[in-house]
Amino acid sequence: MSGSRHANPQTFGQGLRTLRAEQQKSLAALSADSNVSRSYLGNLEHDRSVPGPEIAAAIDAALSAGGRLIKLAAPKPRTRPARDRVRPDQLPVAIRGFTPRAELLKEAEEALATHAGVIAFDGPAGVGKTAFAVTWAHSIADAFPDGVLFADLRGYAADPPDAPAFVLRGFLRSLGIAPSDIPSDLAERAALYRTLLAGTRTLVVLDNAVDDEQVRQLLPGSASCLAVITSRNRLSGVVVREGAVRITVQPMTADEAHELLRSVVGPRIDTDLDAAQVIADRAGRLPLALRIAAERASRWLNTPLRALANELARRQPLDVFAVNDTLAVRTVLSYSHDALPAKMSNTFRLLGLHPGGPVRIEAAAALMDQPPSQALGHLSALASIHLLDQTTEDRFVMHDLVHSYALELAREHNSHQDNAAALERLVRFYLTTGAAATRILWPSRPRSGLSLPKNDLTTLMFRDPAQALNWFEEELRLLVQLVRCGARWNVTSVAYLPVVISEMLCHRRAWSWWMPALWEALAMARQGGHRDAEAWILETLGDASIDADDKAASMNLYREAMAIRAELDDCGGLAIGHVGLAKAFSKVGAYDAAIAHCENARKISVEVDDMWQYSVATAHLAMARAALGLVVEARDLLSATRVALDDAGDLMSSGRVAMLQAKLAETAGEHGLAVQHLDDALRIFGRVGDVWSQTHIHSRLGALHANCGDHRAARRARVTGAELLTGDIEPAATRYASR
């Protein structure tokens with residue numbers, strides 16, 4: 001009889017019992033050889049469980065069965081009557097008025113065409129992962145005739161996430177297994193689940209997964225099935241181990257955001273597209289925030305859309321993007337935050353203190369008071385759950401609404417002293433880094449007389465002037481925001497930020513960004529008693545006033561600064577004031593007074609051995625004398641100044657003098673010589689990558705060529721200059737491009 005069973009066993013359990021009896025092999029020995037637990041082997045022998053392909057293969061090899069057990073474990077083709085169950089169709093109701101997302105749909109369809117069984121959608125809270133996944137699943141459900149299983153895994157809900165064993169129990173019941181026949185062991189439930197799905201075309205949608213471990217046992221084993229997962233976590237383990245195709249869901253495009261608003265608000269949105277743009281931008285183009293905003297607007301039928309836009313500009317956006325306590329962007333974000341370990345939660349809150357824009361690893365390290373290597377680990381962990389996004393190797397960005405939430409938590413959970421101390425560390429990082437960049441760009445300028453706060457944190461180092469200038473261009477706007485942020489927290493050391501980069505401010509002349517910050521920095525200098533910083537800021541404001549053609553204000557600012565310099569016994573600083581007054585007097589045509597101030601500045605610079613300030617004073621002296629007709633003398637002064645700066649390796653200052661030489665030649669009608677000097681300046685600024693100076697030079701070359709009748713060369717120069725600033729958002733870039 002046993003031979004008959006061996007020849008044609010009906011079940012895997014019968015075959016297993018027969019082979020083990022023939023070989024007189026104990027369950028303990030088989031367990032050791034197959035690496036399958038004794039209890040599970042017992043369940044298999046009595047057909048209480050069905051093994052998956054991997055377990056069947058391990059047992060087959062341990063019993064040298066030659067594939068017989070594997071064949072018994074393989075699922076037989078199924079039909080609906082054989083399974084004696086209703087086809088599961090568990091997808092939630094599709095979202096009405098869903099706004100199509102063309103690029104995301106294209107990625108999903110490409111993944112479906114080549115999928116190996118798993119497609120994982122990840123992205124930040126409120127970005128529309130569930131809405132898209134459910135809507136898309138409805139559209140492809142007909143391709144899976146054996147059914148659709150759905151589970152909300154509650155990965156970021158207020159309650160704990162659903163355990164895989166709990167989800168499997170629900171799936172197994174939907175697949176026709178009686179409650180009494182569902183194994184208690186997680187591995188056994190997963191094996192039975194995969195066995196039931198083997199050979200079928202079933203779609204499994206796992207929504208809101210918390211991590212890899214939660215979904216691993218819920219994935220079908222058959223490539224004919226498809227699992228669609230959504231998560232705020234990047235699920236790298238599922239991508240690596242299970243070969244999942246990962247698709248990161250991004251915020252909506254501007255057109256998609258407008259279409260979503262229109263689907264709720266109606267055609268009223270077209271009457272004020274600018275207001276709609278403000279609403280979309282303040283919502284970060286997140287579908288959840290957009291739907292909440294649209295719902296508010298739809299209730300205000302007789303109120304212009306502009307009213308909502310103004311409310312968003314005036315109020316905390318998180319207060320506006322809320323219907324109630326459960327349907328609110330703040331609540332959705334809280335689920336992500338509350339799941340963080342304590343140290344990661346603290347890092348997240350501290351990042352809320354960052355003024356905004358890209359966060360450098362070193363800047364995050366300063367906020368955290370940790371080495372950059374540890375900061376990188378924290379930033380990467382936050383990026384893995386989409387509370388941050390990594391944009392480059394050393395920079396991360398935080399969505400505006402997430403940043404608002406982090407700042408809110410910092411104010412709620414951290415003491416004011418702790419927050420101010422973190423900002424103080426961030427300011428010190430930028431002070432020392434800004435000073436390092438200035439030193440390499442203007443090596444001949446001394447930095448005496450500054451009482452900068454001490455810094456024991458990481459400072460960025462620069463290989464060459466081009467790298468330092470690139471840092472300035474990347475951080476110039478962030479430094480504006482940092483000054484204003486520090487002022488709000490009464491961190492008075494922010495007064496030194498415009499001081500350490502004063503050369504760059506005066507060279508770059510980005511006053512449209514910097515003027516409000518300069519006045520706030522001045523207030524912080526006075527509040528903190530930083531008299532040296534106060535003098536520097538007054539001088540910078542004096543330069544800005546000259547550019548604004550407010551000569552009287554500039555003179556008053558320079559004289560106020562000189563009074564502070566005298567009080568501090570800062571002789572070198574007095575030379576700066578004299579040069580400033582010389583520039584102001586030159587602006588009003590008082591060249592004799594300008595020359596007198598330049599001579600005073602040169603005399604003081606010699607006494608304090610400040611070659612750079614001497615060169616600056618000499619350059620302005622030359623231009624004042626040229627205005628009085630002493631062109632030859634002026635030319636000699638500029639030539640000597642440029643030689644001295646070249647010898648000192650001060651490319652930025654040498655380039656500025658070359659531009660003054662060109663101006664002198666142009667005034668004298670020597671257009672060819674002017675072009676030659678401008679070409680020299682172009683080469684110098686090209687070496688340091690100074691696109692703004694190159695743009696200005698191309699603009700001047702265009703004017704020179706036009707004056708000489710060469711309009712083709714003029715246009716070529718202007719187009720070249722405008723192309724250098726393509727994509728720049730500063731207002732001056734638009735002016736250059738329109739010339």
# chains A, B, ... in the order shown; residues from 1 in each chain; ligands from 1
$ residues_around --residues "segment 338-344 of chain A" --least-positions-apart "6" --cutoff "12 Å" --atoms "only C-alpha atoms" --output "PyMOL selection string"
chain A and resi 154-161+210-211+232-233+330-332+350-351+368+370+374-385+387+406+409+413
$ select_by_dssp --residues "segment 347-594 of chain A" --states "helix (DSSP H, G or I)" --output "VMD selection string"
chain A and resid 347 to 351 361 to 368 372 to 384 400 to 413 416 to 441 465 to 488 492 to 500 502 to 508 511 to 528 531 to 547 551 to 567 571 to 587 591 to 594
$ select_by_dssp --residues "segment 321-517 of chain A" --states "strand (DSSP E or B)" --output "ChimeraX atom specification"
/A:322,328,359-360,389-392,395-397
$ atom_distance --atom1 "atom CA of Glu188 of chain A" --atom2 "atom CA of Thr230 of chain A"
25.2 Å
$ closest_residue --among "A:Arg411, A:Lys71, A:Lys603, A:Arg439" --to "Gly649 of chain A" --atoms "only C-alpha atoms"
A:Arg439
$ residues_around --residues "His386 of chain A" --least-positions-apart "3" --cutoff "12 Å" --atoms "only C-alpha atoms" --output "PyMOL selection string"
chain A and resi 121-127+231-235+248-251+333+336-337+348+379-383+389-390+396-399+402
$ atom_distance --atom1 "atom CA of Gly434 of chain A" --atom2 "atom CA of Gln613 of chain A"
20.0 Å
$ residues_around --residues "Asp272 of chain A" --least-positions-apart "4" --cutoff "9 Å" --atoms "only C-alpha atoms" --output "PyMOL selection string"
chain A and resi 268+276-277+304-306
$ residues_around --residues "Ala111 of chain A" --least-positions-apart "2" --cutoff "12 Å" --atoms "only C-alpha atoms" --output "VMD selection string"
chain A and resid 104 to 109 113 to 121 226 to 228 243 to 247
$ atom_distance --atom1 "atom CA of Leu678 of chain A" --atom2 "atom CA of Val657 of chain A"
10.2 Å
$ residues_around --residues "Leu219 of chain A" --least-positions-apart "3" --cutoff "10 Å" --atoms "only C-alpha atoms" --output "list in words"
Gly117, Val118, Ala190, Tyr193, Arg194, Leu197, Val204, Val205, Leu206, Val215, Arg216, Ser222, Cys225, Leu226, Ala227, Val228, Ile229, Val238 and Glu242 of chain A
$ residues_around --residues "Arg477 of chain A" --least-positions-apart "3" --cutoff "10 Å" --atoms "only C-alpha atoms" --output "list in words"
Gly356, Gly357, Phe472, Glu473, Glu474, Val480, Gln481, Leu482, Ala510, Trp513, Trp514 and Glu730 of chain A
$ closest_residue --among "A:Leu153, A:Leu725, A:Leu673, A:Ile55" --to "Leu701 of chain A" --atoms "only C-alpha atoms"
A:Leu673
$ closest_atom_pairs --of "segment 441-551 of chain A" --to "segment 575-586 of chain A" --cutoff "8 Å" --atoms "only C-alpha atoms" --output "tab-separated table"
residue	atom	partner	partner_atom	distance
A:Glu539	CA	A:Gly577	CA	7.1
A:Gly542	CA	A:Gly580	CA	7.3
A:Asp543	CA	A:Gly580	CA	7.2
A:Ile546	CA	A:Ala584	CA	6.5
A:Lys551	CA	A:Ala584	CA	5.7
$ decode --residues "segment 533-565 of chain A" --atoms "N, CA, C and O atoms" --output "mmCIF file, in the first residue's frame"
data_model
loop_
_atom_site.group_PDB
_atom_site.id
_atom_site.type_symbol
_atom_site.label_atom_id
_atom_site.label_comp_id
_atom_site.auth_asym_id
_atom_site.auth_seq_id
_atom_site.Cartn_x
_atom_site.Cartn_y
_atom_site.Cartn_z
ATOM 1 N N ALA A 533 30.715 96.166 13.409
ATOM 2 C CA ALA A 533 29.772 95.738 12.374
ATOM 3 C C ALA A 533 28.865 96.887 11.955
ATOM 4 O O ALA A 533 28.534 97.038 10.770
ATOM 5 N N GLU A 534 28.469 97.717 12.910
ATOM 6 C CA GLU A 534 27.608 98.861 12.601
ATOM 7 C C GLU A 534 28.273 99.773 11.584
ATOM 8 O O GLU A 534 27.640 100.232 10.617
ATOM 9 N N ALA A 535 29.570 100.040 11.759
ATOM 10 C CA ALA A 535 30.285 100.913 10.827
ATOM 11 C C ALA A 535 30.331 100.297 9.430
ATOM 12 O O ALA A 535 30.081 100.975 8.419
ATOM 13 N N TRP A 536 30.646 98.997 9.359
ATOM 14 C CA TRP A 536 30.699 98.332 8.056
ATOM 15 C C TRP A 536 29.344 98.395 7.349
ATOM 16 O O TRP A 536 29.279 98.647 6.136
ATOM 17 N N ILE A 537 28.270 98.153 8.079
ATOM 18 C CA ILE A 537 26.947 98.139 7.448
ATOM 19 C C ILE A 537 26.558 99.533 6.979
ATOM 20 O O ILE A 537 25.971 99.704 5.896
ATOM 21 N N LEU A 538 26.889 100.535 7.767
ATOM 22 C CA LEU A 538 26.608 101.914 7.341
ATOM 23 C C LEU A 538 27.331 102.236 6.038
ATOM 24 O O LEU A 538 26.777 102.893 5.139
ATOM 25 N N GLU A 539 28.579 101.766 5.913
ATOM 26 C CA GLU A 539 29.341 102.009 4.676
ATOM 27 C C GLU A 539 28.707 101.279 3.487
ATOM 28 O O GLU A 539 28.631 101.827 2.380
ATOM 29 N N THR A 540 28.233 100.049 3.727
ATOM 30 C CA THR A 540 27.585 99.300 2.645
ATOM 31 C C THR A 540 26.287 99.990 2.232
ATOM 32 O O THR A 540 25.971 100.091 1.039
ATOM 33 N N LEU A 541 25.537 100.472 3.213
ATOM 34 C CA LEU A 541 24.325 101.228 2.896
ATOM 35 C C LEU A 541 24.664 102.509 2.144
ATOM 36 O O LEU A 541 23.897 102.959 1.275
ATOM 37 N N GLY A 542 25.809 103.095 2.471
ATOM 38 C CA GLY A 542 26.248 104.277 1.744
ATOM 39 C C GLY A 542 26.500 103.972 0.282
ATOM 40 O O GLY A 542 26.113 104.739 -0.612
ATOM 41 N N ASP A 543 27.143 102.818 0.003
ATOM 42 C CA ASP A 543 27.363 102.405 -1.387
ATOM 43 C C ASP A 543 26.035 102.198 -2.112
ATOM 44 O O ASP A 543 25.870 102.612 -3.266
ATOM 45 N N ALA A 544 25.089 101.532 -1.427
ATOM 46 C CA ALA A 544 23.787 101.284 -2.036
ATOM 47 C C ALA A 544 23.065 102.600 -2.329
ATOM 48 O O ALA A 544 22.387 102.733 -3.352
ATOM 49 N N SER A 545 23.208 103.574 -1.458
ATOM 50 C CA SER A 545 22.556 104.875 -1.656
ATOM 51 C C SER A 545 23.144 105.605 -2.851
ATOM 52 O O SER A 545 22.424 106.304 -3.580
ATOM 53 N N ILE A 546 24.442 105.450 -3.072
ATOM 54 C CA ILE A 546 25.049 106.056 -4.256
ATOM 55 C C ILE A 546 24.438 105.460 -5.517
ATOM 56 O O ILE A 546 24.097 106.168 -6.469
ATOM 57 N N ASP A 547 24.296 104.115 -5.536
ATOM 58 C CA ASP A 547 23.695 103.467 -6.701
ATOM 59 C C ASP A 547 22.254 103.916 -6.908
ATOM 60 O O ASP A 547 21.750 103.898 -8.036
ATOM 61 N N ALA A 548 21.581 104.272 -5.809
ATOM 62 C CA ALA A 548 20.189 104.734 -5.906
ATOM 63 C C ALA A 548 20.101 106.236 -6.171
ATOM 64 O O ALA A 548 19.013 106.817 -6.115
ATOM 65 N N ASP A 549 21.255 106.882 -6.422
ATOM 66 C CA ASP A 549 21.320 108.322 -6.699
ATOM 67 C C ASP A 549 20.845 109.166 -5.527
ATOM 68 O O ASP A 549 20.333 110.279 -5.711
ATOM 69 N N ASP A 550 21.016 108.654 -4.321
ATOM 70 C CA ASP A 550 20.688 109.422 -3.117
ATOM 71 C C ASP A 550 22.008 109.846 -2.468
ATOM 72 O O ASP A 550 22.463 109.272 -1.480
ATOM 73 N N LYS A 551 22.625 110.856 -3.073
ATOM 74 C CA LYS A 551 23.974 111.260 -2.634
ATOM 75 C C LYS A 551 23.976 111.822 -1.223
ATOM 76 O O LYS A 551 24.898 111.554 -0.443
ATOM 77 N N ALA A 552 22.936 112.575 -0.861
ATOM 78 C CA ALA A 552 22.898 113.162 0.481
ATOM 79 C C ALA A 552 22.854 112.064 1.541
ATOM 80 O O ALA A 552 23.569 112.120 2.549
ATOM 81 N N ALA A 553 22.011 111.054 1.316
ATOM 82 C CA ALA A 553 21.929 109.952 2.274
ATOM 83 C C ALA A 553 23.253 109.217 2.371
ATOM 84 O O ALA A 553 23.697 108.843 3.469
ATOM 85 N N SER A 554 23.912 109.004 1.220
ATOM 86 C CA SER A 554 25.182 108.273 1.245
ATOM 87 C C SER A 554 26.230 109.037 2.045
ATOM 88 O O SER A 554 26.987 108.444 2.827
ATOM 89 N N MET A 555 26.283 110.353 1.891
ATOM 90 C CA MET A 555 27.266 111.135 2.642
ATOM 91 C C MET A 555 27.009 111.042 4.146
ATOM 92 O O MET A 555 27.941 110.893 4.943
ATOM 93 N N ASN A 556 25.733 111.126 4.528
ATOM 94 C CA ASN A 556 25.401 111.029 5.953
ATOM 95 C C ASN A 556 25.787 109.656 6.519
ATOM 96 O O ASN A 556 26.299 109.549 7.638
ATOM 97 N N LEU A 557 25.542 108.603 5.740
ATOM 98 C CA LEU A 557 25.875 107.251 6.187
ATOM 99 C C LEU A 557 27.380 107.076 6.350
ATOM 100 O O LEU A 557 27.858 106.496 7.336
ATOM 101 N N TYR A 558 28.151 107.576 5.379
ATOM 102 C CA TYR A 558 29.607 107.457 5.466
ATOM 103 C C TYR A 558 30.156 108.246 6.658
ATOM 104 O O TYR A 558 31.047 107.780 7.380
ATOM 105 N N ARG A 559 29.622 109.428 6.881
ATOM 106 C CA ARG A 559 30.118 110.239 8.002
ATOM 107 C C ARG A 559 29.770 109.588 9.341
ATOM 108 O O ARG A 559 30.565 109.636 10.287
ATOM 109 N N GLU A 560 28.568 108.979 9.425
ATOM 110 C CA GLU A 560 28.196 108.275 10.654
ATOM 111 C C GLU A 560 29.135 107.097 10.894
ATOM 112 O O GLU A 560 29.561 106.832 12.029
ATOM 113 N N ALA A 561 29.485 106.399 9.818
ATOM 114 C CA ALA A 561 30.412 105.276 9.936
ATOM 115 C C ALA A 561 31.788 105.760 10.372
ATOM 116 O O ALA A 561 32.448 105.128 11.215
ATOM 117 N N MET A 562 32.233 106.897 9.825
ATOM 118 C CA MET A 562 33.562 107.423 10.180
ATOM 119 C C MET A 562 33.625 107.833 11.647
ATOM 120 O O MET A 562 34.664 107.683 12.306
ATOM 121 N N ALA A 563 32.499 108.322 12.166
ATOM 122 C CA ALA A 563 32.475 108.682 13.585
ATOM 123 C C ALA A 563 32.684 107.443 14.455
ATOM 124 O O ALA A 563 33.397 107.490 15.472
ATOM 125 N N ILE A 564 32.086 106.344 14.063
ATOM 126 C CA ILE A 564 32.273 105.093 14.817
ATOM 127 C C ILE A 564 33.707 104.609 14.674
ATOM 128 O O ILE A 564 34.328 104.157 15.648
ATOM 129 N N ARG A 565 34.267 104.721 13.455
ATOM 130 C CA ARG A 565 35.662 104.307 13.244
ATOM 131 C C ARG A 565 36.605 105.117 14.143
ATOM 132 O O ARG A 565 37.550 104.565 14.724
#
